[in-house]
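Chemist: One structure, pasted below without further comment.
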Amino acid sequence: MSFKPFFDLEEITGIKERRVHDQREESFEDSFVLATRAAEDALKRSRYKAEDLDVIISGSIVRYKGGYRHYWEPSFALFLKRHLGARAAQYFDVSNACAGMMSGIFLLDRMIKAGVVRNGLVVSGECITPIADTAVREICEPFDSQFGSLTVGDAGVAVILDDQGSDADRIERLELMTSSDYSRLCIGMPSDKTVGPALYTNNAEMHKEDRLHLWPTFMQDLLNKDGTTFAAEGYDYIIHHQVSSKFIQKVQKHSGKVFEAPMPKSLAAVEHYGNTASTSHFVVLYEHLKQKAIEKGAKVLLVPAASGIVTGCLSATISSLEV
Amino acid sequence: MSALPRNAVIEATAIVDDPAIRSSIELAAAAGRDAIAAAGLAVGDIDLLINVGVYRDNNMVEPAMAALIQRELGLNLDYVKNPTRKAAFGVDLMNGACGIFNAISVARSFIATGDARHVLIVSSDIHPSMTQPADFPYVPVGAAMIVGASDRPGAGFGRLSVRDGGGSSTVVEGSATTPDDLSGRHNLAVVRHPEFAERLLELAAASAREYAAAEGIDLARTLLVTSQITPDFGARLAAALGARAAGPTGVDGDPHSSAITVAWHAAAARGEPSSYDQVLFVGAGAGPTAACAVYRP
């Protein structure tokens, strides 16, 4: 960077390392490659074959295929369906900033509940680190709107859902909402200063205490409507959006006050992966399942925080899910 | 699949084709506002906002255009300041010109489960430069459709069919490269196969025939509401199927992701659907993809 920040980025974000897509021509990893690998990996450990899938939903922000070519149409899900051989599957993309995966799962959950489909694959190949390269070139002042771009990492994730839930394995609560007054606080689009994609965030406004209030207030109201409380739900773990260690601590502290309850143990992967955008909660889940750090029957709460502002909750009991 | 517990019907539609509006967000929001008024609803009655538009201002990828449109509408601006019974959620859903079919399927699901009373589906497509270059094949239109619950027996949308035409060509591709210069916010290439209209017509006809057979639909007693890939696409598809095409849409050009709403809006305004047993929505676009859904008002 031409500008040397007066603080240590690792110290304020808690990010020690992050993953960057392979940029060698012969083994280039774009959004499509990342999404494909994740989808194949999920299918390998699933009872379903690609041809059994009723729907494929792609939820990445960036849709690079064939290098840094961003596809608007056909849908990324169509390309994935063909590559995977999911002959019978419907297909569409969702886009909802860092809540893309969660939004895809939300729509699929309701489609399954309504009986419109029986199962589906939600996938995201997030090849987002080009915004970090732009930020490195362009940041020239403290509190630059592109500072957040320095924290991102690339990742692909895939989740398969079906209508065979049991008490031991199921999504219990899944609700999302958009408080749209803040939709202009974080905008992703090509830069007009240097060549490359960029993300511009009004950090002062985005991370105001009032914004931190959105999730716990919404959650509290949902639970009240169902005649329960945060404490009574007995969440074992909570996974926040992986913005930074400090952000997660701040949300935990603030939310605990609103719920007047101790917060569940926060699972994180931000230290080793950075902020992997729409994939972040599932990178955390995957890593902890791999380390066998989530005991069978644990109740896990995933909390999105995305540009929009999108927030909400996905709580699930996990027993047989393995990676 | 089986009948859902609540039927999903079209409560209102609106079209905005004001050439003075050069923003996809404003076009969709203007149409959304008109549709909410036409349905006699308040903005806060919308529980789910789905934007199926594809091409947008400055090639923005974040946030969802739906969030920006939602803000223009004044829908769930701040849940803490104005908590509501059901906090609205907005999402972009993209599948080229056929996204509205997937959105209707999602809307049907949210209505069936009781998760939404009214779903607003909006669309618009504009060249990222927010001008109209000669090589951009779509006409900027804002469209909005409100889907809500109905108790009328037999009314509403039926099963959705989305068919992937396969093959080696996607027929239509729209993409933005990372350019060598600073034109990223304006950079777009929409490439169409020389025979794209023929290919899409064939696929749409095959798909509609298969769908009609599976659903027991008599095409001779069916009004076709279709994409407008070419000016005569609907008429040619109807001729191939032995069905009747809806009348002129009043929009000159291909309204892309808004085409189905545009065609329905014009046909419904003329009262055309009442002369038929059912309406068959047939869309076609990139992939190639063809989509069908039966609708009984």
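Residue numbers start at 1 in each chain; chains themselves are named A, B, ... in the order of the structure tokens; ligands are numbered from 1 in the order shown.
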Give the residues of chain B that lie within 7 Å of chain A; count only C-alpha atoms, and format the answer as JSON, numbers by chain.

Modeler: {"B": [1, 4, 54, 58, 59, 60, 61, 62, 63, 64, 67, 68, 70, 71, 76, 77, 78, 79, 80, 87, 88, 89, 90, 91, 92, 93, 94, 95, 96, 106, 109, 110, 112, 113, 162, 173, 174, 175, 176, 177, 178, 180, 181, 182, 184, 185, 286, 287]}

Chemist: Taking the DSSP secondary structure from the backbone, can you list the residues of range 140-198 of chain B that are strand (DSSP E), as a PDB file with C-alpha atoms, in the first residue's frame?

Modeler:
```pdb
ATOM      1  CA  GLY B 142     -39.394  -1.680 -14.756  1.00  0.00           C
ATOM      2  CA  ALA B 143     -41.924  -4.381 -13.933  1.00  0.00           C
ATOM      3  CA  ALA B 144     -43.604  -5.482 -10.741  1.00  0.00           C
ATOM      4  CA  MET B 145     -45.909  -8.362  -9.869  1.00  0.00           C
ATOM      5  CA  ILE B 146     -47.496  -8.900  -6.477  1.00  0.00           C
ATOM      6  CA  VAL B 147     -48.276 -12.502  -5.641  1.00  0.00           C
ATOM      7  CA  GLY B 148     -50.592 -13.183  -2.727  1.00  0.00           C
ATOM      8  CA  ALA B 149     -52.724 -15.896  -1.169  1.00  0.00           C
ATOM      9  CA  SER B 150     -56.161 -16.850  -2.449  1.00  0.00           C
ATOM     10  CA  GLY B 156     -53.436 -19.617  -8.849  1.00  0.00           C
ATOM     11  CA  PHE B 157     -50.145 -20.877 -10.162  1.00  0.00           C
ATOM     12  CA  GLY B 158     -49.457 -24.525 -10.802  1.00  0.00           C
ATOM     13  CA  ARG B 159     -46.241 -26.456 -10.903  1.00  0.00           C
ATOM     14  CA  LEU B 160     -43.153 -24.836 -12.353  1.00  0.00           C
ATOM     15  CA  SER B 161     -41.164 -26.493 -15.091  1.00  0.00           C
ATOM     16  CA  VAL B 162     -37.658 -25.302 -15.920  1.00  0.00           C
ATOM     17  CA  ARG B 163     -36.005 -27.073 -18.790  1.00  0.00           C
ATOM     18  CA  ASP B 164     -32.348 -26.902 -19.657  1.00  0.00           C
ATOM     19  CA  VAL B 172     -27.315 -16.158 -24.969  1.00  0.00           C
ATOM     20  CA  GLU B 173     -24.464 -15.031 -22.709  1.00  0.00           C
ATOM     21  CA  GLY B 174     -24.089 -11.775 -20.860  1.00  0.00           C
ATOM     22  CA  SER B 175     -20.844 -11.136 -19.040  1.00  0.00           C
ATOM     23  CA  ALA B 176     -18.412  -8.462 -18.004  1.00  0.00           C
ATOM     24  CA  THR B 177     -14.690  -9.017 -18.275  1.00  0.00           C
ATOM     25  CA  ALA B 189     -20.922  -8.003 -23.610  1.00  0.00           C
ATOM     26  CA  VAL B 190     -24.203  -9.699 -24.482  1.00  0.00           C
ATOM     27  CA  VAL B 191     -23.527 -12.336 -27.108  1.00  0.00           C
ATOM     28  CA  ARG B 192     -26.390 -14.117 -28.833  1.00  0.00           C
TER      29      ARG B 192
END
```

Chemist: Report as a PyMOL selection string all protein, DNA and RNA residues lying within 9 Å of Lys246 in chain A, evaluated on only C-alpha atoms, omitting residues in the same chain fewer than 5 positions from it.

Modeler: chain A and resi 12-14+251

Chemist: Please compute the CA of Leu73 in chain B-CA of Leu120 in chain B distance, one decimal, in Å.

Modeler: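 Computing the Euclidean distance for CA of Leu73 in chain B and CA of Leu120 in chain B yields 11.2 Å.
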
Chemist: Show which residues sit within 9 Å of range 6-17 of chain B, as a PyMOL selection string. Count only C-alpha atoms, and ignore same-chain residues fewer than 6 positions away.

Modeler: chain B and resi 27-28+30-40+104+107-109+111-114+118+139-158+251+258+261-262+264-265+295-297

Chemist: Those selected residues, please, written with N, CA and C atoms and delivered as a short mmCIF file (atom, residue, chain, number, x, y, z; two decimals), in the first residue's frame.

Modeler:
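Output file part.cif is given in full below:
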```cif
data_model
loop_
_atom_site.label_atom_id
_atom_site.label_comp_id
_atom_site.auth_asym_id
_atom_site.auth_seq_id
_atom_site.Cartn_x
_atom_site.Cartn_y
_atom_site.Cartn_z
N LEU B 27 -36.20 2.19 -11.83
CA LEU B 27 -37.25 1.59 -12.67
C LEU B 27 -38.03 0.53 -11.88
N ALA B 28 -37.29 -0.35 -11.23
CA ALA B 28 -37.95 -1.43 -10.47
C ALA B 28 -38.75 -0.86 -9.31
N ALA B 30 -40.08 2.16 -9.06
CA ALA B 30 -41.26 2.88 -9.56
C ALA B 30 -42.37 1.88 -9.88
N ALA B 31 -42.01 0.77 -10.51
CA ALA B 31 -43.00 -0.25 -10.84
C ALA B 31 -43.55 -0.88 -9.56
N GLY B 32 -42.67 -1.13 -8.61
CA GLY B 32 -43.10 -1.70 -7.34
C GLY B 32 -44.10 -0.82 -6.62
N ARG B 33 -43.80 0.46 -6.61
CA ARG B 33 -44.68 1.44 -5.96
C ARG B 33 -46.07 1.41 -6.62
N ASP B 34 -46.08 1.42 -7.96
CA ASP B 34 -47.35 1.41 -8.69
C ASP B 34 -48.14 0.12 -8.43
N ALA B 35 -47.43 -1.00 -8.37
CA ALA B 35 -48.12 -2.28 -8.15
C ALA B 35 -48.73 -2.33 -6.74
N ILE B 36 -48.00 -1.82 -5.76
CA ILE B 36 -48.52 -1.81 -4.38
C ILE B 36 -49.80 -0.97 -4.32
N ALA B 37 -49.76 0.20 -5.01
CA ALA B 37 -50.95 1.06 -5.04
C ALA B 37 -52.10 0.36 -5.78
N ALA B 38 -51.78 -0.28 -6.90
CA ALA B 38 -52.81 -0.95 -7.70
C ALA B 38 -53.46 -2.09 -6.92
N ALA B 39 -52.70 -2.72 -6.05
CA ALA B 39 -53.24 -3.84 -5.26
C ALA B 39 -54.00 -3.33 -4.04
N GLY B 40 -53.94 -2.02 -3.82
CA GLY B 40 -54.60 -1.45 -2.64
C GLY B 40 -53.90 -1.85 -1.34
N ILE B 104 -41.60 -16.98 -8.84
CA ILE B 104 -43.00 -17.35 -8.59
C ILE B 104 -43.05 -18.64 -7.79
N ALA B 107 -42.24 -17.66 -4.33
CA ALA B 107 -43.37 -16.93 -3.76
C ALA B 107 -44.48 -17.89 -3.35
N ARG B 108 -44.75 -18.84 -4.22
CA ARG B 108 -45.75 -19.89 -3.94
C ARG B 108 -45.41 -20.61 -2.64
N SER B 109 -44.13 -20.92 -2.48
CA SER B 109 -43.68 -21.65 -1.30
C SER B 109 -43.88 -20.81 -0.04
N ILE B 111 -45.91 -18.40 0.44
CA ILE B 111 -47.35 -18.21 0.70
C ILE B 111 -47.93 -19.50 1.27
N ALA B 112 -47.52 -20.62 0.73
CA ALA B 112 -48.04 -21.92 1.20
C ALA B 112 -47.68 -22.18 2.66
N THR B 113 -46.46 -21.81 3.04
CA THR B 113 -46.03 -22.07 4.42
C THR B 113 -46.52 -20.99 5.38
N GLY B 114 -47.15 -19.95 4.84
CA GLY B 114 -47.62 -18.86 5.70
C GLY B 114 -46.52 -17.88 6.04
N HIS B 118 -47.89 -11.26 1.08
CA HIS B 118 -47.75 -10.66 -0.25
C HIS B 118 -46.28 -10.64 -0.63
N VAL B 139 -34.58 -3.78 -23.69
CA VAL B 139 -35.19 -2.46 -23.52
C VAL B 139 -35.40 -2.22 -22.01
N PRO B 140 -34.97 -1.06 -21.53
CA PRO B 140 -35.12 -0.80 -20.09
C PRO B 140 -36.59 -0.59 -19.72
N VAL B 141 -37.07 -1.50 -18.88
CA VAL B 141 -38.45 -1.45 -18.40
C VAL B 141 -38.41 -1.84 -16.93
N GLY B 142 -39.23 -1.22 -16.13
CA GLY B 142 -39.39 -1.68 -14.76
C GLY B 142 -40.71 -2.43 -14.66
N ALA B 143 -40.70 -3.60 -14.05
CA ALA B 143 -41.92 -4.38 -13.93
C ALA B 143 -42.09 -4.86 -12.51
N ALA B 144 -43.33 -5.00 -12.10
CA ALA B 144 -43.60 -5.48 -10.74
C ALA B 144 -44.85 -6.36 -10.74
N MET B 145 -44.78 -7.44 -10.01
CA MET B 145 -45.91 -8.36 -9.87
C MET B 145 -46.06 -8.69 -8.38
N ILE B 146 -47.27 -8.52 -7.88
CA ILE B 146 -47.50 -8.90 -6.48
C ILE B 146 -48.24 -10.23 -6.46
N VAL B 147 -47.67 -11.19 -5.77
CA VAL B 147 -48.28 -12.50 -5.64
C VAL B 147 -48.76 -12.66 -4.21
N GLY B 148 -50.02 -13.04 -4.07
CA GLY B 148 -50.59 -13.18 -2.73
C GLY B 148 -51.43 -14.44 -2.61
N ALA B 149 -51.97 -14.67 -1.43
CA ALA B 149 -52.72 -15.90 -1.17
C ALA B 149 -54.17 -15.75 -1.63
N SER B 150 -54.75 -16.85 -2.06
CA SER B 150 -56.16 -16.85 -2.45
C SER B 150 -56.82 -18.14 -1.96
N ASP B 151 -58.09 -18.02 -1.57
CA ASP B 151 -58.84 -19.21 -1.15
C ASP B 151 -59.69 -19.77 -2.29
N ARG B 152 -59.71 -19.06 -3.42
CA ARG B 152 -60.55 -19.52 -4.54
C ARG B 152 -60.10 -20.91 -4.98
N PRO B 153 -61.00 -21.88 -4.98
CA PRO B 153 -60.59 -23.24 -5.36
C PRO B 153 -60.10 -23.26 -6.80
N GLY B 154 -58.99 -23.91 -7.02
CA GLY B 154 -58.46 -24.07 -8.37
C GLY B 154 -57.72 -22.86 -8.90
N ALA B 155 -57.73 -21.74 -8.15
CA ALA B 155 -57.07 -20.54 -8.64
C ALA B 155 -55.57 -20.60 -8.38
N GLY B 156 -54.85 -19.81 -9.15
CA GLY B 156 -53.44 -19.62 -8.85
C GLY B 156 -52.48 -20.34 -9.77
N PHE B 157 -51.22 -20.27 -9.39
CA PHE B 157 -50.15 -20.88 -10.16
C PHE B 157 -50.05 -22.36 -9.89
N GLY B 158 -49.74 -23.10 -10.95
CA GLY B 158 -49.46 -24.52 -10.80
C GLY B 158 -47.96 -24.78 -10.75
N VAL B 251 -44.80 -2.75 -25.50
CA VAL B 251 -43.37 -2.44 -25.29
C VAL B 251 -42.61 -2.85 -26.55
N SER B 258 -38.22 -8.75 -17.48
CA SER B 258 -39.55 -8.19 -17.20
C SER B 258 -40.60 -8.70 -18.20
N THR B 261 -44.02 -10.34 -17.01
CA THR B 261 -44.90 -9.39 -16.32
C THR B 261 -45.48 -8.38 -17.30
N VAL B 262 -44.64 -7.91 -18.24
CA VAL B 262 -45.09 -6.97 -19.27
C VAL B 262 -46.23 -7.58 -20.08
N TRP B 264 -48.21 -10.20 -19.34
CA TRP B 264 -49.39 -10.45 -18.51
C TRP B 264 -50.16 -9.15 -18.24
N HIS B 265 -49.41 -8.10 -17.93
CA HIS B 265 -50.02 -6.80 -17.59
C HIS B 265 -50.92 -6.31 -18.72
N TYR B 295 -51.39 -20.93 -15.02
CA TYR B 295 -51.99 -19.97 -14.09
C TYR B 295 -53.48 -19.86 -14.34
N ARG B 296 -54.25 -19.95 -13.27
CA ARG B 296 -55.70 -19.74 -13.37
C ARG B 296 -56.07 -18.59 -12.45
N PRO B 297 -56.53 -17.46 -13.06
CA PRO B 297 -56.80 -16.25 -12.27
C PRO B 297 -57.92 -16.47 -11.25
#
```

Chemist: Between CA of Cys313 in chain A and CA of Lys81 in chain B, what is the spacing in Å?

Modeler: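 About the pair CA of Lys81 in chain B and CA of Cys313 in chain A: they are 19.7 Å apart.
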
Chemist: CA of Thr131 in chain B and CA of Asp252 in chain B are how many Å apart?

Modeler: 16.9 Å

Chemist: Where does DSSP see alpha helix (DSSP H) in range 27-133 of chain A, if you list the residues as a ChimeraX atom specification?

Modeler: /A:31-44,76-84,100-114,130-133

Chemist: Would you mind exporting N, CA and C atoms of the selected residues as a tab-separated table (two decimals), in the first residue's frame?

Modeler:
```tsv
chain	number	residue	atom	x	y	z
A	31	SER	N	-14.65	-18.48	-9.51
A	31	SER	CA	-15.81	-18.80	-8.67
A	31	SER	C	-16.39	-20.16	-9.05
A	32	PHE	N	-16.40	-20.42	-10.35
A	32	PHE	CA	-16.99	-21.67	-10.83
A	32	PHE	C	-16.20	-22.88	-10.35
A	33	VAL	N	-14.88	-22.79	-10.41
A	33	VAL	CA	-14.03	-23.91	-9.96
A	33	VAL	C	-14.22	-24.13	-8.46
A	34	LEU	N	-14.22	-23.06	-7.69
A	34	LEU	CA	-14.40	-23.19	-6.23
A	34	LEU	C	-15.77	-23.79	-5.91
A	35	ALA	N	-16.79	-23.31	-6.59
A	35	ALA	CA	-18.15	-23.82	-6.35
A	35	ALA	C	-18.26	-25.29	-6.73
A	36	THR	N	-17.67	-25.64	-7.86
A	36	THR	CA	-17.73	-27.02	-8.34
A	36	THR	C	-17.08	-27.98	-7.36
A	37	ARG	N	-15.88	-27.60	-6.88
A	37	ARG	CA	-15.17	-28.49	-5.94
A	37	ARG	C	-15.98	-28.69	-4.66
A	38	ALA	N	-16.55	-27.60	-4.18
A	38	ALA	CA	-17.34	-27.70	-2.94
A	38	ALA	C	-18.56	-28.58	-3.18
A	39	ALA	N	-19.23	-28.39	-4.31
A	39	ALA	CA	-20.43	-29.17	-4.61
A	39	ALA	C	-20.09	-30.66	-4.74
A	40	GLU	N	-18.99	-30.96	-5.43
A	40	GLU	CA	-18.60	-32.37	-5.60
A	40	GLU	C	-18.25	-33.01	-4.26
A	41	ASP	N	-17.57	-32.23	-3.42
A	41	ASP	CA	-17.18	-32.73	-2.10
A	41	ASP	C	-18.43	-33.02	-1.25
A	42	ALA	N	-19.40	-32.12	-1.31
A	42	ALA	CA	-20.64	-32.32	-0.53
A	42	ALA	C	-21.41	-33.54	-1.05
A	43	LEU	N	-21.48	-33.67	-2.37
A	43	LEU	CA	-22.22	-34.80	-2.96
A	43	LEU	C	-21.58	-36.13	-2.60
A	44	LYS	N	-20.25	-36.13	-2.53
A	44	LYS	CA	-19.52	-37.35	-2.23
A	44	LYS	C	-19.93	-37.93	-0.87
A	76	PHE	N	-25.30	-19.00	-12.92
A	76	PHE	CA	-24.18	-19.84	-12.50
A	76	PHE	C	-24.69	-21.24	-12.16
A	77	ALA	N	-25.88	-21.28	-11.60
A	77	ALA	CA	-26.47	-22.56	-11.20
A	77	ALA	C	-26.66	-23.48	-12.41
A	78	LEU	N	-26.96	-22.90	-13.57
A	78	LEU	CA	-27.10	-23.72	-14.78
A	78	LEU	C	-25.76	-24.36	-15.15
A	79	PHE	N	-24.70	-23.55	-15.12
A	79	PHE	CA	-23.37	-24.10	-15.43
A	79	PHE	C	-23.03	-25.23	-14.45
A	80	LEU	N	-23.35	-25.02	-13.18
A	80	LEU	CA	-23.04	-26.03	-12.15
A	80	LEU	C	-23.86	-27.30	-12.36
A	81	LYS	N	-25.13	-27.10	-12.66
A	81	LYS	CA	-26.02	-28.24	-12.91
A	81	LYS	C	-25.46	-29.12	-14.02
A	82	ARG	N	-25.03	-28.48	-15.10
A	82	ARG	CA	-24.49	-29.24	-16.24
A	82	ARG	C	-23.19	-29.94	-15.87
A	83	HIS	N	-22.33	-29.20	-15.19
A	83	HIS	CA	-21.03	-29.78	-14.84
A	83	HIS	C	-21.21	-30.97	-13.90
A	84	LEU	N	-22.13	-30.86	-12.97
A	84	LEU	CA	-22.33	-31.92	-11.98
A	84	LEU	C	-23.15	-33.08	-12.55
A	100	GLY	N	-25.57	-14.47	0.90
A	100	GLY	CA	-25.98	-15.23	-0.28
A	100	GLY	C	-26.26	-16.70	0.00
A	101	MET	N	-25.34	-17.35	0.73
A	101	MET	CA	-25.55	-18.77	1.06
A	101	MET	C	-26.79	-18.91	1.94
A	102	MET	N	-26.85	-18.05	2.95
A	102	MET	CA	-27.94	-18.14	3.92
A	102	MET	C	-29.28	-17.86	3.21
A	103	SER	N	-29.27	-16.94	2.24
A	103	SER	CA	-30.50	-16.62	1.49
A	103	SER	C	-30.92	-17.81	0.65
A	104	GLY	N	-29.96	-18.46	-0.01
A	104	GLY	CA	-30.26	-19.65	-0.80
A	104	GLY	C	-30.87	-20.74	0.06
A	105	ILE	N	-30.30	-20.92	1.25
A	105	ILE	CA	-30.80	-21.95	2.17
A	105	ILE	C	-32.20	-21.58	2.67
A	106	PHE	N	-32.42	-20.29	2.90
A	106	PHE	CA	-33.73	-19.81	3.36
A	106	PHE	C	-34.80	-20.13	2.31
A	107	LEU	N	-34.53	-19.79	1.05
A	107	LEU	CA	-35.51	-20.06	-0.01
A	107	LEU	C	-35.73	-21.56	-0.16
A	108	LEU	N	-34.63	-22.31	-0.14
A	108	LEU	CA	-34.75	-23.77	-0.30
A	108	LEU	C	-35.53	-24.40	0.85
A	109	ASP	N	-35.26	-23.93	2.06
A	109	ASP	CA	-35.97	-24.46	3.24
A	109	ASP	C	-37.48	-24.31	3.08
A	110	ARG	N	-37.91	-23.13	2.60
A	110	ARG	CA	-39.35	-22.91	2.43
A	110	ARG	C	-39.90	-23.70	1.23
A	111	MET	N	-39.10	-23.87	0.19
A	111	MET	CA	-39.55	-24.67	-0.96
A	111	MET	C	-39.73	-26.13	-0.53
A	112	ILE	N	-38.83	-26.60	0.33
A	112	ILE	CA	-38.96	-27.97	0.83
A	112	ILE	C	-40.19	-28.08	1.74
A	113	LYS	N	-40.35	-27.11	2.64
A	113	LYS	CA	-41.50	-27.15	3.56
A	113	LYS	C	-42.82	-27.12	2.81
A	114	ALA	N	-42.85	-26.37	1.69
A	114	ALA	CA	-44.08	-26.27	0.90
A	114	ALA	C	-44.29	-27.51	0.03
A	130	PRO	N	-9.78	-10.45	-5.39
A	130	PRO	CA	-9.40	-9.32	-6.26
A	130	PRO	C	-9.75	-7.95	-5.65
A	131	ILE	N	-10.76	-7.89	-4.77
A	131	ILE	CA	-11.06	-6.58	-4.15
A	131	ILE	C	-9.94	-6.16	-3.19
A	132	ALA	N	-9.24	-7.15	-2.64
A	132	ALA	CA	-8.11	-6.83	-1.75
A	132	ALA	C	-6.96	-6.23	-2.57
A	133	ASP	N	-6.75	-6.78	-3.78
A	133	ASP	CA	-5.68	-6.24	-4.63
A	133	ASP	C	-5.99	-4.79	-5.00
```

Chemist: Show me a table, sorted first by chain and then by increasing residue number, of the residues of range 231-270 of chain A having an atom at most 9 Å from range 286-291 of chain A, each with its shortest atom pair and the distance in Å to one decimal, counting only C-alpha atoms and written as a Markdown table.

Modeler:
```
| residue | atom | partner | partner_atom | distance |
| --- | --- | --- | --- | --- |
| A:Leu267 | CA | A:His288 | CA | 7.7 |
| A:Ala268 | CA | A:His288 | CA | 8.6 |
| A:Ala269 | CA | A:Glu287 | CA | 7.4 |
```

Chemist: So which residues touch range 148-151 of chain A within 9 Å, counting only C-alpha atoms, skipping near sequence neighbours fewer than 2 positions away, as a VMD selection string?

Modeler: chain A and resid 9 13 15 18 128 to 136 144 to 146 153 198 to 201 203 243 to 244 273 to 276

Chemist: Could you give me, as a list in words, the residues within 12 Å of Asp232 in chain B, counting only C-alpha atoms and dropping anything in the same chain fewer than 4 positions from it?

Modeler: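 Answer for this query is Ala197, Glu198, Leu201, Thr226, Ser227, Gln228, Arg236, Leu237, Ala238, Ala239, Ala245, Ala246, Gly247, Pro248, Thr249, Asp252, Gly253 and Asp254 of chain B.
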